[in-house]
$ cat my_file06.cif   # mmCIF, C-alpha atoms
data_coords
#
loop_
_atom_site.label_atom_id
_atom_site.label_comp_id
_atom_site.auth_asym_id
_atom_site.auth_seq_id
_atom_site.Cartn_x
_atom_site.Cartn_y
_atom_site.Cartn_z
CA MET A 1 121.49 91.96 92.53
CA LYS A 2 121.73 89.08 94.94
CA GLN A 3 119.47 86.47 93.36
CA LYS A 4 119.44 83.85 96.08
CA ASP A 5 119.98 83.58 99.84
CA LYS A 6 123.53 82.78 100.92
CA HIS A 7 122.65 79.77 103.04
CA ASN A 8 120.04 78.10 100.91
CA ASP A 9 118.88 78.05 97.36
CA ARG A 10 115.63 79.88 97.73
CA VAL A 11 114.99 83.08 95.78
CA THR A 12 115.27 86.26 97.86
CA ASP A 13 112.25 88.35 98.77
CA GLU A 14 113.64 91.25 96.76
CA VAL A 15 113.79 89.14 93.61
CA LEU A 16 110.23 87.96 94.21
CA ILE A 17 108.84 91.48 94.65
CA ALA A 18 110.74 92.59 91.51
CA ARG A 19 109.12 89.73 89.60
CA PHE A 20 105.72 90.66 91.01
CA GLN A 21 106.24 94.27 89.93
CA GLN A 22 106.66 92.90 86.42
CA GLY A 23 103.34 91.06 86.67
CA ASP A 24 104.28 87.66 88.09
CA VAL A 25 101.41 86.94 90.51
CA GLN A 26 102.99 83.64 91.61
CA ALA A 27 105.87 85.64 93.09
CA PHE A 28 103.31 87.54 95.18
CA GLU A 29 101.75 84.29 96.35
CA GLU A 30 105.17 83.05 97.43
CA LEU A 31 105.74 86.24 99.46
CA VAL A 32 102.34 85.72 101.14
CA ARG A 33 103.30 82.16 102.05
CA ARG A 34 106.62 83.32 103.48
CA TYR A 35 105.33 86.16 105.60
CA LYS A 36 101.71 85.45 106.56
CA ASP A 37 102.42 83.52 109.80
CA GLN A 38 105.28 85.64 111.10
CA LEU A 39 103.31 88.82 110.43
CA LEU A 40 100.27 87.32 112.12
CA ASN A 41 102.29 86.53 115.26
CA PHE A 42 103.75 90.03 115.35
CA VAL A 43 100.37 91.74 114.87
CA PHE A 44 98.59 89.32 117.24
CA ARG A 45 100.96 90.22 120.08
CA PHE A 46 100.75 93.88 119.13
CA VAL A 47 96.94 94.19 119.17
CA GLY A 48 96.18 91.21 121.46
CA ASN A 49 93.32 89.88 119.35
CA ARG A 50 93.52 87.12 116.79
CA VAL A 51 90.57 88.14 114.59
CA ASP A 52 91.79 91.73 114.31
CA ALA A 53 95.34 90.49 113.71
CA GLU A 54 94.24 88.30 110.81
CA ASP A 55 92.27 91.19 109.28
CA ILE A 56 95.32 93.43 109.57
CA VAL A 57 97.58 90.88 107.91
CA GLN A 58 95.02 90.47 105.10
CA GLU A 59 94.96 94.24 104.68
CA THR A 60 98.78 94.32 104.69
CA PHE A 61 99.04 91.90 101.77
CA PHE A 62 96.18 93.63 99.99
CA ARG A 63 98.14 96.88 100.18
CA VAL A 64 101.31 95.17 99.01
CA PHE A 65 99.34 93.93 95.99
CA LYS A 66 97.78 97.32 95.29
CA ASN A 67 100.90 99.41 95.89
CA LYS A 68 103.58 97.08 94.57
CA HIS A 69 105.18 99.86 92.54
CA TYR A 70 105.80 101.94 95.67
CA TYR A 71 108.38 99.40 96.83
CA LYS A 72 111.90 100.53 96.01
CA GLU A 73 114.85 98.19 96.01
CA ILE A 74 116.83 100.35 98.46
CA ALA A 75 114.88 98.76 101.35
CA LYS A 76 114.50 95.11 102.25
CA PHE A 77 111.07 93.68 101.48
CA SER A 78 110.75 92.50 105.09
CA THR A 79 111.19 96.03 106.50
CA TRP A 80 108.65 97.39 104.00
CA VAL A 81 105.99 94.79 104.79
CA TYR A 82 106.52 95.14 108.56
CA THR A 83 106.20 98.93 108.25
CA ILE A 84 102.80 98.48 106.59
CA ALA A 85 101.62 95.90 109.15
CA GLY A 86 102.90 97.96 112.10
CA ASN A 87 101.16 101.11 110.88
CA LEU A 88 97.89 99.24 110.41
CA ALA A 89 98.21 97.75 113.90
CA LYS A 90 98.79 101.22 115.39
CA THR A 91 95.75 102.53 113.52
CA GLU A 92 93.69 99.70 115.03
CA LEU A 93 94.92 100.57 118.54
CA ARG A 94 94.04 104.25 118.04
CA ARG A 95 90.59 103.24 116.76
CA ARG A 96 90.05 101.12 119.88
CA LYS A 97 91.21 103.95 122.11
CA ARG A 98 88.63 106.29 120.54
CA ARG A 99 85.94 103.61 120.82
CA LYS A 100 86.84 103.01 124.46
CA PHE A 101 86.74 106.73 125.12
CA PHE A 102 83.18 107.00 123.77
CA SER A 103 81.94 103.75 125.27
CA VAL A 104 81.86 103.40 129.06
CA SER A 105 81.01 99.72 129.14
CA ASN A 106 83.46 98.61 126.49
CA SER A 107 86.48 96.67 127.61
CA ILE A 108 89.28 95.67 125.28
CA ASN A 109 90.28 92.75 127.47
CA ASP A 110 86.92 91.09 126.81
CA GLU A 111 87.88 90.74 123.16
CA LYS A 112 91.13 88.92 123.70
CA ASP A 113 91.46 85.34 122.74
CA PHE A 114 94.33 82.97 123.29
CA ASP A 115 95.14 79.85 121.39
CA LEU A 116 95.78 76.67 123.28
CA PRO A 117 99.40 75.72 122.67
CA SER A 118 99.65 72.39 120.98
CA GLY A 119 102.35 69.93 121.96
CA ASP A 120 103.15 67.16 124.34
CA LEU A 121 102.46 69.08 127.53
CA SER A 122 100.37 67.60 130.33
CA PRO A 123 96.99 69.31 131.05
CA ASP A 124 98.49 70.98 134.15
CA GLN A 125 101.45 72.28 132.19
CA GLN A 126 99.09 73.48 129.44
CA VAL A 127 96.96 75.39 131.96
CA ASP A 128 100.10 76.88 133.51
CA GLY A 129 101.39 77.75 130.06
CA ASN A 130 98.09 79.39 129.10
CA ILE A 131 97.97 81.42 132.29
CA LYS A 132 101.58 82.54 131.89
CA GLU A 133 100.98 83.48 128.27
CA LYS A 134 97.87 85.44 129.27
CA ILE A 135 99.79 87.29 131.99
CA ILE A 136 102.62 88.16 129.61
CA GLN A 137 100.19 89.28 126.90
CA GLU A 138 98.36 91.53 129.37
CA ALA A 139 101.68 93.06 130.43
CA ILE A 140 102.53 93.68 126.75
CA ASP A 141 99.11 95.30 126.28
CA ARG A 142 99.78 97.69 129.16
CA LEU A 143 103.03 98.89 127.59
CA PRO A 144 102.90 102.17 125.68
CA THR A 145 102.77 101.50 121.91
CA LYS A 146 106.25 102.91 121.25
CA PHE A 147 107.83 100.36 123.63
CA ARG A 148 105.54 97.52 122.61
CA GLU A 149 106.46 97.69 118.92
CA VAL A 150 110.22 97.75 119.48
CA ILE A 151 110.39 94.87 121.94
CA LEU A 152 108.15 92.72 119.73
CA LEU A 153 110.29 93.48 116.69
CA ARG A 154 113.49 92.83 118.63
CA ASP A 155 112.66 89.90 120.93
CA GLN A 156 109.72 88.18 119.27
CA GLN A 157 110.64 88.75 115.61
CA GLY A 158 114.41 88.89 116.01
CA PHE A 159 115.13 92.00 113.93
CA SER A 160 118.41 93.86 114.37
CA TYR A 161 118.40 97.39 115.79
CA GLU A 162 119.18 98.77 112.34
CA GLU A 163 116.27 96.92 110.74
CA ILE A 164 113.93 98.19 113.46
CA SER A 165 115.23 101.69 112.81
CA GLN A 166 114.29 101.27 109.13
CA ILE A 167 110.89 99.74 109.86
CA LEU A 168 109.86 102.46 112.30
CA ARG A 169 111.84 105.26 110.62
CA ILE A 170 113.39 106.41 113.88
CA PRO A 171 117.08 106.89 114.79
CA LEU A 172 119.13 103.90 115.89
CA GLY A 173 119.82 105.43 119.31
CA THR A 174 116.08 105.87 119.91
CA VAL A 175 115.49 102.21 119.03
CA LYS A 176 118.15 101.02 121.52
CA SER A 177 116.83 103.27 124.26
CA ARG A 178 113.22 102.15 123.68
CA VAL A 179 114.14 98.46 123.64
CA ASN A 180 115.93 98.84 126.97
CA ARG A 181 113.13 100.83 128.58
CA GLY A 182 110.47 98.49 127.21
CA ARG A 183 112.19 95.42 128.64
CA LEU A 184 112.72 97.18 131.99
CA LYS A 185 109.03 98.13 132.16
CA LEU A 186 108.01 94.60 131.30
CA GLN A 187 110.29 93.03 133.95
CA GLU A 188 108.71 95.38 136.51
CA GLU A 189 105.21 94.37 135.37
CA LEU A 190 106.09 90.67 135.49
CA LYS A 191 108.11 90.81 138.72
CA TYR A 192 105.78 88.51 140.65
CA LEU A 193 105.64 85.97 137.80
CA PHE A 194 109.39 85.55 137.50
CA GLU A 195 109.97 85.74 141.26
CA SER A 196 107.49 82.91 141.86
CA GLU A 197 109.21 80.91 139.11
CA THR A 198 112.54 81.40 140.87
CA SER A 199 111.12 80.46 144.26
CA ASN A 200 109.53 77.32 142.73
CA GLY A 201 112.97 76.34 141.48
CA MET J 1 124.51 108.56 138.46
CA SER J 2 124.60 105.57 140.80
CA GLU J 3 126.09 102.26 139.67
CA CYS J 4 122.59 100.72 139.71
CA ASP J 5 121.22 103.40 137.33
CA LYS J 6 124.27 103.00 135.12
CA LEU J 7 123.63 99.28 134.88
CA ARG J 8 119.92 99.75 134.16
CA ASP J 9 120.76 102.13 131.31
CA ARG J 10 123.17 99.65 129.74
CA LEU J 11 121.32 96.39 130.42
CA SER J 12 120.20 96.03 126.83
CA ASP J 13 123.76 96.35 125.53
CA TYR J 14 124.98 94.02 128.28
CA VAL J 15 122.45 91.29 127.45
CA ASP J 16 123.02 91.70 123.69
CA GLY J 17 126.81 91.53 124.22
CA GLU J 18 127.42 94.97 122.75
CA LEU J 19 129.38 96.53 125.63
CA SER J 20 133.08 97.37 125.47
CA ALA J 21 135.30 95.06 127.53
CA GLY J 22 136.09 97.80 130.07
CA LEU J 23 132.48 98.78 130.72
CA LYS J 24 131.41 95.13 130.86
CA GLU J 25 133.98 94.40 133.55
CA GLU J 26 132.92 97.49 135.50
CA LEU J 27 129.26 96.45 135.50
CA GLU J 28 130.06 92.86 136.41
CA ILE J 29 131.99 94.02 139.47
CA HIS J 30 128.88 95.94 140.54
CA LEU J 31 126.63 92.95 139.86
CA GLN J 32 128.66 90.77 142.22
CA VAL J 33 127.86 93.04 145.15
CA CYS J 34 124.32 94.33 144.31
CA THR J 35 121.51 91.78 144.82
CA ASP J 36 118.85 94.19 143.47
CA CYS J 37 120.70 94.50 140.17
CA GLN J 38 121.21 90.72 140.08
CA GLU J 39 117.43 90.23 140.35
CA THR J 40 116.73 92.90 137.76
CA LEU J 41 119.16 91.23 135.36
CA HIS J 42 117.54 87.85 136.00
CA ARG J 43 114.03 89.18 135.27
CA TYR J 44 115.30 91.15 132.29
CA ARG J 45 116.70 87.99 130.74
CA ALA J 46 113.49 86.13 131.57
CA VAL J 47 111.46 88.78 129.72
CA CYS J 48 113.62 88.46 126.61
CA TYR J 49 113.34 84.68 126.73
CA SER J 50 109.56 84.77 127.31
CA LEU J 51 109.01 87.05 124.33
CA LYS J 52 111.13 84.80 122.11
CA THR J 53 109.26 81.67 123.19
CA LEU J 54 105.66 82.92 123.14
CA PRO J 55 103.46 80.25 121.51
CA SER J 56 103.05 80.80 117.79
CA ILE J 57 99.77 80.86 115.91
CA THR J 58 99.10 80.26 112.23
CA THR J 59 96.73 81.92 109.79
CA SER J 60 93.33 80.32 109.21
CA PRO J 61 93.19 77.70 106.42
CA ASP J 62 91.23 79.98 104.07
CA PHE J 63 93.50 83.00 104.57
CA GLU J 64 94.95 82.89 101.06
CA ARG J 65 91.58 82.15 99.46
CA GLN J 66 90.04 85.16 101.24
CA LEU J 67 92.91 87.35 100.10
CA HIS J 68 92.56 86.06 96.54
CA LEU J 69 88.80 86.83 96.58
CA ARG J 70 89.44 90.33 97.87
CA ILE J 71 91.98 91.02 95.15
CA GLN J 72 89.60 89.59 92.55
CA ARG J 73 86.80 91.90 93.76
CA MET J 74 89.13 94.89 93.50
CA SER J 75 90.11 93.91 89.95
CA GLN J 76 86.44 93.59 88.95
CA GLN J 77 85.61 96.98 90.43
CA ASN J 78 88.53 98.52 88.58
CA SER J 79 87.35 97.02 85.29
CA TRP J 80 84.22 99.22 85.39
CA TYR J 81 86.34 102.21 84.52
CA PRO J 82 89.58 102.02 82.53
CA ARG J 83 92.79 102.72 84.43
CA ASP J 84 93.66 105.48 81.93
CA TRP J 85 90.50 107.56 82.21
CA LYS J 86 91.81 110.61 80.32
CA ILE J 87 91.22 109.24 76.81
CA PRO J 88 87.53 108.24 77.34
CA ALA J 89 86.92 111.51 79.22
CA ALA J 90 88.36 113.55 76.31
CA ALA J 91 86.27 111.52 73.81
CA PHE J 92 83.12 112.18 75.86
CA VAL J 93 83.79 115.93 76.00
CA ALA J 94 84.44 116.03 72.23
CA LEU J 95 81.19 114.13 71.53
CA PHE J 96 79.25 116.44 73.82
CA VAL J 97 80.63 119.54 72.07
CA ILE J 98 79.79 118.11 68.63
CA VAL J 99 76.21 117.18 69.60
CA VAL J 100 75.45 120.47 71.35
CA GLY J 101 77.16 122.46 68.57
CA SER J 102 75.16 120.67 65.87
CA LEU J 103 71.89 121.23 67.67
CA TYR J 104 72.69 124.90 68.12
CA TYR J 105 73.78 125.29 64.50
CA PHE J 106 70.68 123.72 62.96
CA ASN J 107 68.28 125.53 65.27
CA PHE J 108 70.02 128.84 64.58
CA PHE J 109 68.03 129.37 61.33
CA GLU J 110 64.65 128.58 62.85
CA PRO J 111 62.95 131.72 64.12
CA GLY J 112 62.86 132.22 67.86
CA ILE J 113 64.69 129.03 68.85
CA GLY J 114 68.36 128.94 69.57
CA MET J 115 68.80 132.51 68.36
CA PRO J 116 70.41 135.42 70.13
CA GLN J 117 67.99 137.63 72.08
CA SER J 118 68.77 140.71 69.92
CA GLN J 119 67.58 138.95 66.77
CA LYS J 120 64.48 137.46 68.39
CA SER J 121 62.78 140.87 68.70
CA ASN J 122 62.77 141.34 64.88
CA VAL J 123 60.88 138.16 64.24
CA THR J 124 57.10 138.16 63.90
CA PRO J 125 55.68 135.62 66.29
CA LEU J 126 53.80 132.78 64.66
CA LEU J 127 51.15 132.94 67.31
CA THR J 128 49.78 135.90 69.25
CA PRO J 129 49.98 135.59 73.01
CA SER J 130 46.21 135.04 73.18
CA GLN J 131 46.54 132.13 70.80
CA VAL J 132 49.18 130.39 72.84
CA SER J 133 47.89 127.53 74.95
CA THR J 134 47.57 128.49 78.58
CA GLU J 135 47.65 124.96 79.93
CA ASN J 136 50.77 125.53 82.00
CA GLU J 137 50.13 129.10 82.95
CA THR J 138 49.65 130.25 86.50
CA PRO J 139 46.20 131.65 87.46
CA MET J 140 47.52 135.24 87.35
CA GLU J 141 48.74 134.76 83.81
CA THR J 142 45.41 133.21 82.80
CA VAL J 143 43.51 136.25 84.11
CA ALA J 144 45.83 138.63 82.22
CA SER J 145 45.43 136.78 78.94
CA GLU J 146 41.64 136.66 79.33
CA GLU J 147 41.51 140.42 79.94
CA LYS J 148 43.65 140.99 76.85
CA ALA J 149 41.40 138.78 74.73
CA ALA J 150 38.33 140.65 76.01
CA SER J 151 39.80 144.05 75.12
CA GLU J 152 40.67 142.82 71.63
CA THR J 153 37.11 141.55 71.14
CA ASP J 154 35.76 144.97 72.24
CA ALA J 155 38.02 146.73 69.73
CA LEU J 156 36.83 144.42 66.95
CA THR J 157 33.20 145.04 67.88
CA ASP J 158 33.78 148.81 67.84
CA SER J 159 35.37 148.69 64.39
CA VAL J 160 32.54 146.50 63.03
CA THR J 161 29.95 148.87 64.55
CA LYS J 162 31.73 151.84 63.03
CA ALA J 163 31.91 150.11 59.62
CA VAL J 164 28.19 149.25 59.77
CA ASP J 165 27.34 152.83 60.82
CA LYS J 166 29.42 154.16 57.97
CA GLN J 167 27.72 151.82 55.47
CA ILE J 168 24.26 152.88 56.73
CA LYS J 169 25.17 156.55 56.39
CA GLU J 170 26.49 155.97 52.84
CA ASN J 171 23.24 154.16 51.92
CA ILE J 172 21.10 156.96 53.36
CA GLN J 173 23.19 159.49 51.41
CA LEU J 174 22.74 157.44 48.23
CA VAL J 175 18.94 157.24 48.74
CA ASN J 176 18.77 160.99 49.41
CA ASP J 177 20.78 161.67 46.24
CA LYS J 178 18.47 159.52 44.14
CA THR J 179 15.25 160.99 45.59
CA PRO J 180 14.04 163.98 43.42
CA THR J 181 13.71 167.14 45.37
CA PRO J 182 10.25 168.71 45.30
#
$ encode --input "my_file06.cif" --output "structure tokens"
Amino acid sequence: MKQKDKHNDRVTDEVLIARFQQGDVQAFEELVRRYKDQLLNFVFRFVGNRVDAEDIVQETFFRVFKNKHYYKEIAKFSTWVYTIAGNLAKTELRRRKRRKFFSVSNSINDEKDFDLPSGDLSPDQQVDGNIKEKIIQEAIDRLPTKFREVILLRDQQGFSYEEISQILRIPLGTVKSRVNRGRLKLQEELKYLFESETSNG
Amino acid sequence: MSECDKLRDRLSDYVDGELSAGLKEELEIHLQVCTDCQETLHRYRAVCYSLKTLPSITTSPDFERQLHLRIQRMSQQNSWYPRDWKIPAAAFVALFVIVVGSLYYFNFFEPGIGMPQSQKSNVTPLLTPSQVSTENETPMETVASEEKAASETDALTDSVTKAVDKQIKENIQLVNDKTPTP
């Protein structure tokens, strides 16, 4: 077994989960530290709501803790944990759909919240950045779930097509086709945003 | 399929650099002459870049503490019943069988209780139905038992009357026997 990453000295995720399976709770805590923020960003963009996203990530780690023996070494830990988080996010979206169906007044968009980006931007740039982020997030929300999950995994999280195929348990060709169609749909949705950017120089 | 459709289908591979040299050259020739496809490619790249550079958020400061508490609660709930429940369950069943069996065994020799129905009929009841308390009986049962008691009292009265009559007759006969005939 590969004990450590090639490029640095840190212990691999697979070694940590193996240690956790043998009862080492500190190994689990290390996995939580490694994955909590990247999972949160993935789920946040997937469901469009920070509170729900944090609950889903909590639930993801809770399930990892409870079902640690279901993990088999044939898969990477990252694909396993993203499969759990992605399934929970899809369940949340289905739950919302049902709720929306039974509630006339309910609007999902009312629940969305967006963090102010920190940094050295001027107030005008921050407002522009916030508006742009909001527009992009709303375009992501309008995408069908099957396109949304692949483009987030590919472009936001940086997974390879093969890893996405393992996470979603769909053929490689389907992943490539969905990534392409998802990006095309998004560029159509955001046409006016990117055109105005071009015209502004 | 038009050249524009062909390009749209392969944009992902083109942007990711996964096209063969021949196909790449073919698409690039088309891109030089088609402004629509140039704009699509520009927006397509902008989408990929925007998704990569979306502002990041971090978990709340008490995320790990909350998770730890949740796991602790689960562990406490699990401690109420052992993980391997088969052994305590088997012990409980065995205890139940022993207790019920003992009760049945010791009551078996007491008349009327815990005995098969066929044997119950041969046992003389300790109390007659009229002697049994009627506290919990329904009104109909009370009436029936009262009628039975009344009929038994009548029968006793009849037998006493008959016995008295018989005694009187015997006494009269005795007096007649002792009286000298004229």
$ residues_around --input "my_file06.cif" --residues "range 30-43 of chain J" --least-positions-apart "3" --cutoff "6 Å" --atoms "only C-alpha atoms" --output "list in words"
Gln187 of chain A; Leu27 and Ala46 of chain J
$ closest_residue --input "my_file06.cif" --among "A:Val64, A:Val47, A:Leu153, A:Ile164" --to "Glu29 in chain A" --atoms "all atoms listed in the file"
A:Val64
$ closest_atom_pairs --input "my_file06.cif" --of "chain J" --to "chain A" --cutoff "12 Å" --atoms "all atoms listed in the file" --output "Markdown table"
| residue | atom | partner | partner_atom | distance |
| --- | --- | --- | --- | --- |
| J:Asp5 | CA | A:Leu184 | CA | 11.8 |
| J:Leu7 | CA | A:Asn180 | CA | 11.0 |
| J:Arg8 | CA | A:Leu184 | CA | 7.9 |
| J:Asp9 | CA | A:Asn180 | CA | 7.3 |
| J:Arg10 | CA | A:Asn180 | CA | 7.8 |
| J:Leu11 | CA | A:Asn180 | CA | 6.9 |
| J:Ser12 | CA | A:Asn180 | CA | 5.1 |
| J:Asp13 | CA | A:Lys176 | CA | 8.3 |
| J:Tyr14 | CA | A:Asn180 | CA | 10.3 |
| J:Val15 | CA | A:Asn180 | CA | 10.0 |
| J:Asp16 | CA | A:Asn180 | CA | 10.6 |
| J:Glu18 | CA | A:Lys176 | CA | 11.1 |
| J:Cys37 | CA | A:Leu184 | CA | 11.7 |
| J:Glu39 | CA | A:Glu195 | CA | 8.8 |
| J:Thr40 | CA | A:Gln187 | CA | 7.5 |
| J:Leu41 | CA | A:Gln187 | CA | 9.2 |
| J:His42 | CA | A:Phe194 | CA | 8.6 |
| J:Arg43 | CA | A:Gln187 | CA | 5.5 |
| J:Tyr44 | CA | A:Gln187 | CA | 5.6 |
| J:Arg45 | CA | A:Gln187 | CA | 8.8 |
| J:Ala46 | CA | A:Phe194 | CA | 7.2 |
| J:Val47 | CA | A:Gln187 | CA | 6.1 |
| J:Cys48 | CA | A:Asp155 | CA | 5.9 |
| J:Tyr49 | CA | A:Asp155 | CA | 7.8 |
| J:Ser50 | CA | A:Ile136 | CA | 8.1 |
| J:Leu51 | CA | A:Gln156 | CA | 5.2 |
| J:Lys52 | CA | A:Gln156 | CA | 4.6 |
| J:Thr53 | CA | A:Gln156 | CA | 7.6 |
| J:Leu54 | CA | A:Glu133 | CA | 7.0 |
| J:Pro55 | CA | A:Pro117 | CA | 6.2 |
| J:Ser56 | CA | A:Asn41 | CA | 6.3 |
| J:Ile57 | CA | A:Asn41 | CA | 6.2 |
| J:Thr58 | CA | A:Asp37 | CA | 5.2 |
| J:Thr59 | CA | A:Asp37 | CA | 5.9 |
| J:Ser60 | CA | A:Glu54 | CA | 8.2 |
| J:Pro61 | CA | A:Asp37 | CA | 11.4 |
| J:Asp62 | CA | A:Glu54 | CA | 11.1 |
| J:Phe63 | CA | A:Gln58 | CA | 7.6 |
| J:Glu64 | CA | A:Val32 | CA | 7.9 |
| J:Arg65 | CA | A:Gln58 | CA | 10.6 |
| J:Gln66 | CA | A:Gln58 | CA | 8.2 |
| J:Leu67 | CA | A:Gln58 | CA | 6.3 |
| J:His68 | CA | A:Phe62 | CA | 9.1 |
| J:Leu69 | CA | A:Phe62 | CA | 10.6 |
| J:Arg70 | CA | A:Phe62 | CA | 7.8 |
| J:Ile71 | CA | A:Phe62 | CA | 6.9 |
| J:Gln72 | CA | A:Phe62 | CA | 10.7 |
| J:Arg73 | CA | A:Phe62 | CA | 11.4 |
| J:Met74 | CA | A:Lys66 | CA | 9.2 |
| J:Ser75 | CA | A:Lys66 | CA | 9.9 |
| J:Asn78 | CA | A:Lys66 | CA | 11.5 |
$ closest_residue --input "my_file06.cif" --among "A:His69, A:Arg148, A:Lys97, A:Lys134" --to "Val43 in chain A" --atoms "all atoms listed in the file"
A:Arg148
$ atom_distance --input "my_file06.cif" --atom1 "CA of Gln22 in chain A" --atom2 "CA of Ile74 in chain A"
17.4 Å
$ atom_distance --input "my_file06.cif" --atom1 "CA of Thr145 in chain A" --atom2 "CA of Gly17 in chain J"
26.1 Å
$ atom_distance --input "my_file06.cif" --atom1 "CA of Val81 in chain A" --atom2 "CA of Ile135 in chain A"
28.9 Å
